[in-house]
Amino acid sequence: MSNLLCDFSANLHAHSGGADDAFILSDLRVGEMVTLCGEGAQLLAFFLAVQHLLRCKSPVVFIDGGNSFSPYLIAELVRRRNFDPREALKRIYVSRAFTSHQLFALATERLKPLVEKLESKLVIVSDIASLFFHRDVHDSEAKAIFLRLCMKLSEIAERKQVMVLITYVPKNSRRRLYFEAALFGRSDIIIETSARGGALHFALRRHPHVWHFSAAALPRASLMDYLEA
C-alpha cells in the first residue's frame, strides 16, 4: 500500500491554469509533518484540505489555534468543484483552542484517539504558535510546552501514519527564533509563503523527495480574493 497521501503521486509543482486549479501541491506523504509558514499559509492549508476531501475518503481533523477556521471559504472552494459543501464540512472535525495549554492538551490527549476513531489521514494544526506568543504565558513555560507540542505532533505523524499539516505565522517576538528552531527541526517539509502583488508566492525550504522548488501562483482573479474579502 502506498504511503503517499490518498495514493496520489506527482512532483511538487505549480501552475496558473485558472482559478479552480490555481496551484497544486502533491507528493505529500502520510507519516510526515509539513509546515506552511508565512502570511499565505492559511489559504494554502484550506486549499490542501479541500483537495484531500475531494480525492480521499478519510476526514480531516482541524485543530484551530488561531480562530482561523473558515467554513465559508471551505464551502466556496468545494462549490467551485461541483461538490456539496455540506457534505464536505461534515467531514472536517474542528477543535478550537483559546490558550496554549488547551492547544497542547488537544494535541497530546485528544488527537491520537480521534485520529484512530475516524481513520483520518490528514491533521491540520492552524496557527500553531499564536497562543504561545501571548505575554500572559511565561517565557520558559511557553518554550517548554511548544517544544513538547512539536515533538508530539511529529510522533503522531510517524506512528499513526497521518500527514500533520501545520500553519505557522511568524511574529516579531524574542520567542520567535526558539519556536522556529523547535518547529522546523521536527518538520519533514517546510514551505514558505508570502503574498505580494496580488499573488501568493511560495518556496520549498525543505523536502525529503524534492530538492528545489520556487514558484508564484494565484493571480489576482483567484482564490486569494476570498481570503481578502
# chains A, B, ... in the order shown; residues from 1 in each chain; ligands from 1
call {"tool": "residues_around", "arguments": {"residues": "Ala142 (chain A)", "least_positions_apart": "3", "cutoff": "9 Å", "atoms": "only C-alpha atoms", "output": "PDB file with C-alpha atoms, in the first residue's frame"}}
result
ATOM      1  CA  SER A 100      -1.591  27.444  24.801  1.00  0.00           C
ATOM      2  CA  PHE A 132       2.417  30.802  22.656  1.00  0.00           C
ATOM      3  CA  PHE A 133       3.361  34.355  21.748  1.00  0.00           C
ATOM      4  CA  HIS A 134       0.968  35.733  24.387  1.00  0.00           C
ATOM      5  CA  VAL A 137       2.423  32.792  29.297  1.00  0.00           C
ATOM      6  CA  HIS A 138       5.846  32.862  30.965  1.00  0.00           C
ATOM      7  CA  ASP A 139       8.737  32.728  28.527  1.00  0.00           C
ATOM      8  CA  ILE A 145       5.326  23.427  26.124  1.00  0.00           C
ATOM      9  CA  PHE A 146       5.827  24.387  22.480  1.00  0.00           C
ATOM     10  CA  LEU A 147       8.811  22.053  22.130  1.00  0.00           C
ATOM     11  CA  ARG A 175      10.496  33.823  21.275  1.00  0.00           C
TER      12      ARG A 175
END
call {"tool": "closest_atom_pairs", "arguments": {"of": "region 116-136 of chain A", "to": "region 157-169 of chain A", "cutoff": "10 Å", "atoms": "only C-alpha atoms", "output": "tab-separated table"}}
result
residue	atom	partner	partner_atom	distance
A:Glu116	CA	A:Lys160	CA	7.8
A:Glu119	CA	A:Val162	CA	9.1
A:Ser120	CA	A:Val162	CA	7.1
A:Lys121	CA	A:Val162	CA	4.4
A:Leu122	CA	A:Met163	CA	5.0
A:Val123	CA	A:Val164	CA	4.8
A:Ile124	CA	A:Leu165	CA	4.7
A:Val125	CA	A:Ile166	CA	4.8
A:Ser126	CA	A:Thr167	CA	5.1
A:Asp127	CA	A:Tyr168	CA	5.0
A:Ile128	CA	A:Tyr168	CA	5.8
A:Ala129	CA	A:Tyr168	CA	6.4
A:Ser130	CA	A:Val169	CA	7.5
call {"tool": "write_last_selection", "arguments": {"atoms": "N, CA and C atoms", "output": "compact mmCIF listing (two decimals), in the first residue's frame"}}
result
# COMPACT_ATOMS: atom_id res chain seq x y z
N GLU A 116 -7.50 7.76 15.39
CA GLU A 116 -7.75 6.32 15.33
C GLU A 116 -9.23 6.03 15.08
N GLU A 119 -10.10 7.26 11.53
CA GLU A 119 -9.19 6.76 10.49
C GLU A 119 -8.79 7.88 9.54
N SER A 120 -8.54 9.02 10.13
CA SER A 120 -8.16 10.20 9.35
C SER A 120 -6.71 10.08 8.89
N LYS A 121 -6.44 10.64 7.72
CA LYS A 121 -5.08 10.66 7.19
C LYS A 121 -4.52 12.07 7.09
N LEU A 122 -5.32 13.07 7.46
CA LEU A 122 -4.85 14.46 7.40
C LEU A 122 -5.26 15.20 8.67
N VAL A 123 -4.26 15.71 9.39
CA VAL A 123 -4.47 16.54 10.56
C VAL A 123 -3.90 17.92 10.27
N ILE A 124 -4.69 18.96 10.49
CA ILE A 124 -4.23 20.34 10.29
C ILE A 124 -4.20 21.03 11.65
N VAL A 125 -3.05 21.60 11.97
CA VAL A 125 -2.91 22.40 13.19
C VAL A 125 -2.70 23.83 12.73
N SER A 126 -3.70 24.66 12.94
CA SER A 126 -3.71 26.01 12.39
C SER A 126 -3.08 27.02 13.34
N ASP A 127 -2.19 27.85 12.78
CA ASP A 127 -1.56 28.95 13.54
C ASP A 127 -0.99 28.43 14.85
N ILE A 128 -0.09 27.49 14.74
CA ILE A 128 0.36 26.71 15.89
C ILE A 128 1.01 27.54 16.99
N ALA A 129 1.70 28.63 16.63
CA ALA A 129 2.46 29.38 17.64
C ALA A 129 1.72 30.58 18.21
N SER A 130 0.59 30.94 17.63
CA SER A 130 -0.09 32.17 18.00
C SER A 130 -0.33 32.29 19.50
call {"tool": "closest_residue", "arguments": {"among": "A:Leu73, A:Val30, A:Val50, A:Leu153", "to": "Ser187 (chain A)", "atoms": "only C-alpha atoms"}}
result
A:Leu153
call {"tool": "atom_distance", "arguments": {"atom1": "CA of Lys171 (chain A)", "atom2": "CA of Leu36 (chain A)"}}
result
14.6 Å
call {"tool": "closest_atom_pairs", "arguments": {"of": "region 69-90 of chain A", "to": "region 56-62 of chain A", "cutoff": "10 Å", "atoms": "only C-alpha atoms", "output": "tab-separated table"}}
result
residue	atom	partner	partner_atom	distance
A:Phe69	CA	A:Phe62	CA	8.2
A:Ala88	CA	A:Pro59	CA	8.8
A:Leu89	CA	A:Val60	CA	9.4
A:Lys90	CA	A:Pro59	CA	8.5
call {"tool": "select_by_dssp", "arguments": {"residues": "region 116-182 of chain A", "states": "strand (DSSP E or B)", "output": "list in words"}}
result
Leu122, Val123, Ile124, Val125, Ser126, Met163, Val164, Leu165, Ile166, Thr167 and Tyr168 of chain A
call {"tool": "residues_around", "arguments": {"residues": "Arg110 (chain A)", "least_positions_apart": "5", "cutoff": "12 Å", "atoms": "only C-alpha atoms", "output": "MDAnalysis selection string"}}
result
chainID A and resid 61 63 95 102:105 115:117 152:153 156
call {"tool": "write_last_selection", "arguments": {"atoms": "C-alpha atoms", "output": "compact mmCIF listing (two decimals), in the first residue's frame"}}
result
# COMPACT_ATOMS: atom_id res chain seq x y z
CA VAL A 61 -9.06 16.76 11.74
CA ILE A 63 -7.08 21.89 15.42
CA SER A 95 -11.48 21.65 17.75
CA GLN A 102 -5.68 23.93 25.62
CA LEU A 103 -3.83 23.53 22.34
CA PHE A 104 -1.24 21.31 24.00
CA ALA A 105 -3.96 19.19 25.60
CA VAL A 115 -7.38 10.01 14.50
CA GLU A 116 -7.75 6.32 15.33
CA LYS A 117 -11.54 6.54 15.63
CA LYS A 152 4.19 15.02 19.97
CA LEU A 153 2.84 16.05 16.56
CA ILE A 156 1.72 11.12 15.85
call {"tool": "closest_residue", "arguments": {"among": "A:Arg174, A:Val94, A:Asp84, A:Ile190", "to": "His207 (chain A)", "atoms": "only C-alpha atoms"}}
result
A:Ile190
call {"tool": "closest_residue", "arguments": {"among": "A:Ser173, A:Ser140, A:Thr193, A:Ser154", "to": "Gly40 (chain A)", "atoms": "only C-alpha atoms"}}
result
A:Thr193
call {"tool": "closest_residue", "arguments": {"among": "A:Phe179, A:Phe184, A:Phe46, A:Tyr93", "to": "Leu77 (chain A)", "atoms": "only C-alpha atoms"}}
result
A:Phe46
call {"tool": "atom_distance", "arguments": {"atom1": "CA of Pro71 (chain A)", "atom2": "CA of Phe47 (chain A)"}}
result
12.3 Å
call {"tool": "select_by_dssp", "arguments": {"residues": "region 77-111 of chain A", "states": "helix (DSSP H, G or I)", "output": "PyMOL selection string"}}
result
chain A and resi 77-79+85-90+100-111
call {"tool": "write_last_selection", "arguments": {"atoms": "C-alpha atoms", "output": "short mmCIF file (atom, residue, chain, number, x, y, z; two decimals), in the first residue's frame"}}
result
data_model
loop_
_atom_site.label_atom_id
_atom_site.label_comp_id
_atom_site.auth_asym_id
_atom_site.auth_seq_id
_atom_site.Cartn_x
_atom_site.Cartn_y
_atom_site.Cartn_z
CA LEU A 77 -13.67 26.16 -2.69
CA VAL A 78 -15.72 22.95 -2.67
CA ARG A 79 -18.64 24.53 -4.53
CA PRO A 85 -20.35 21.99 0.67
CA ARG A 86 -22.47 20.49 3.45
CA GLU A 87 -21.08 17.03 2.83
CA ALA A 88 -17.53 18.38 2.77
CA LEU A 89 -17.94 20.30 6.02
CA LYS A 90 -19.36 17.21 7.72
CA SER A 100 -1.59 27.44 24.80
CA HIS A 101 -2.44 24.81 27.41
CA GLN A 102 -5.68 23.93 25.62
CA LEU A 103 -3.83 23.53 22.34
CA PHE A 104 -1.24 21.31 24.00
CA ALA A 105 -3.96 19.19 25.60
CA LEU A 106 -5.81 18.77 22.30
CA ALA A 107 -2.64 17.55 20.58
CA THR A 108 -1.34 15.32 23.35
CA GLU A 109 -4.55 13.87 24.81
CA ARG A 110 -7.38 14.02 22.30
CA LEU A 111 -5.75 13.93 18.87
#
call {"tool": "atom_distance", "arguments": {"atom1": "CA of Leu53 (chain A)", "atom2": "CA of Cys37 (chain A)"}}
result
22.2 Å
call {"tool": "decode", "arguments": {"residues": "region 90-157 of chain A", "atoms": "C-alpha atoms", "output": "JSON list (two decimals), in the first residue's frame"}}
result
[["chain", "number", "residue", "atom", "x", "y", "z"],
["A", 90, "LYS", "CA", -19.36, 17.21, 7.72],
["A", 91, "ARG", "CA", -16.02, 15.53, 7.10],
["A", 92, "ILE", "CA", -13.98, 18.21, 8.87],
["A", 93, "TYR", "CA", -13.75, 17.81, 12.65],
["A", 94, "VAL", "CA", -12.80, 21.14, 14.22],
["A", 95, "SER", "CA", -11.48, 21.65, 17.75],
["A", 96, "ARG", "CA", -10.66, 25.20, 18.85],
["A", 97, "ALA", "CA", -8.08, 26.15, 21.46],
["A", 98, "PHE", "CA", -8.10, 29.51, 23.23],
["A", 99, "THR", "CA", -4.97, 29.08, 25.35],
["A", 100, "SER", "CA", -1.59, 27.44, 24.80],
["A", 101, "HIS", "CA", -2.44, 24.81, 27.41],
["A", 102, "GLN", "CA", -5.68, 23.93, 25.62],
["A", 103, "LEU", "CA", -3.83, 23.53, 22.34],
["A", 104, "PHE", "CA", -1.24, 21.31, 24.00],
["A", 105, "ALA", "CA", -3.96, 19.19, 25.60],
["A", 106, "LEU", "CA", -5.81, 18.77, 22.30],
["A", 107, "ALA", "CA", -2.64, 17.55, 20.58],
["A", 108, "THR", "CA", -1.34, 15.32, 23.35],
["A", 109, "GLU", "CA", -4.55, 13.87, 24.81],
["A", 110, "ARG", "CA", -7.38, 14.02, 22.30],
["A", 111, "LEU", "CA", -5.75, 13.93, 18.87],
["A", 112, "LYS", "CA", -4.45, 10.37, 18.82],
["A", 113, "PRO", "CA", -7.76, 8.71, 19.88],
["A", 114, "LEU", "CA", -9.69, 10.89, 17.40],
["A", 115, "VAL", "CA", -7.38, 10.01, 14.50],
["A", 116, "GLU", "CA", -7.75, 6.32, 15.33],
["A", 117, "LYS", "CA", -11.54, 6.54, 15.63],
["A", 118, "LEU", "CA", -12.04, 8.49, 12.38],
["A", 119, "GLU", "CA", -9.19, 6.76, 10.49],
["A", 120, "SER", "CA", -8.16, 10.20, 9.35],
["A", 121, "LYS", "CA", -5.08, 10.66, 7.19],
["A", 122, "LEU", "CA", -4.85, 14.46, 7.40],
["A", 123, "VAL", "CA", -4.47, 16.54, 10.56],
["A", 124, "ILE", "CA", -4.23, 20.34, 10.29],
["A", 125, "VAL", "CA", -2.91, 22.40, 13.19],
["A", 126, "SER", "CA", -3.71, 26.01, 12.39],
["A", 127, "ASP", "CA", -1.56, 28.95, 13.54],
["A", 128, "ILE", "CA", 0.36, 26.71, 15.89],
["A", 129, "ALA", "CA", 2.46, 29.38, 17.64],
["A", 130, "SER", "CA", -0.09, 32.17, 18.00],
["A", 131, "LEU", "CA", -1.18, 31.28, 21.53],
["A", 132, "PHE", "CA", 2.42, 30.80, 22.66],
["A", 133, "PHE", "CA", 3.36, 34.35, 21.75],
["A", 134, "HIS", "CA", 0.97, 35.73, 24.39],
["A", 135, "ARG", "CA", 2.62, 37.66, 27.20],
["A", 136, "ASP", "CA", 0.47, 36.01, 29.84],
["A", 137, "VAL", "CA", 2.42, 32.79, 29.30],
["A", 138, "HIS", "CA", 5.85, 32.86, 30.96],
["A", 139, "ASP", "CA", 8.74, 32.73, 28.53],
["A", 140, "SER", "CA", 10.30, 29.50, 29.79],
["A", 141, "GLU", "CA", 6.91, 27.79, 30.10],
["A", 142, "ALA", "CA", 5.87, 28.77, 26.57],
["A", 143, "LYS", "CA", 9.11, 27.41, 25.11],
["A", 144, "ALA", "CA", 8.95, 24.14, 27.04],
["A", 145, "ILE", "CA", 5.33, 23.43, 26.12],
["A", 146, "PHE", "CA", 5.83, 24.39, 22.48],
["A", 147, "LEU", "CA", 8.81, 22.05, 22.13],
["A", 148, "ARG", "CA", 6.83, 19.17, 23.61],
["A", 149, "LEU", "CA", 3.92, 20.01, 21.29],
["A", 150, "CYS", "CA", 6.12, 19.79, 18.18],
["A", 151, "MET", "CA", 7.64, 16.52, 19.37],
["A", 152, "LYS", "CA", 4.19, 15.02, 19.97],
["A", 153, "LEU", "CA", 2.84, 16.05, 16.56],
["A", 154, "SER", "CA", 5.88, 14.57, 14.85],
["A", 155, "GLU", "CA", 5.41, 11.35, 16.79],
["A", 156, "ILE", "CA", 1.72, 11.12, 15.85],
["A", 157, "ALA", "CA", 2.51, 11.70, 12.17]]
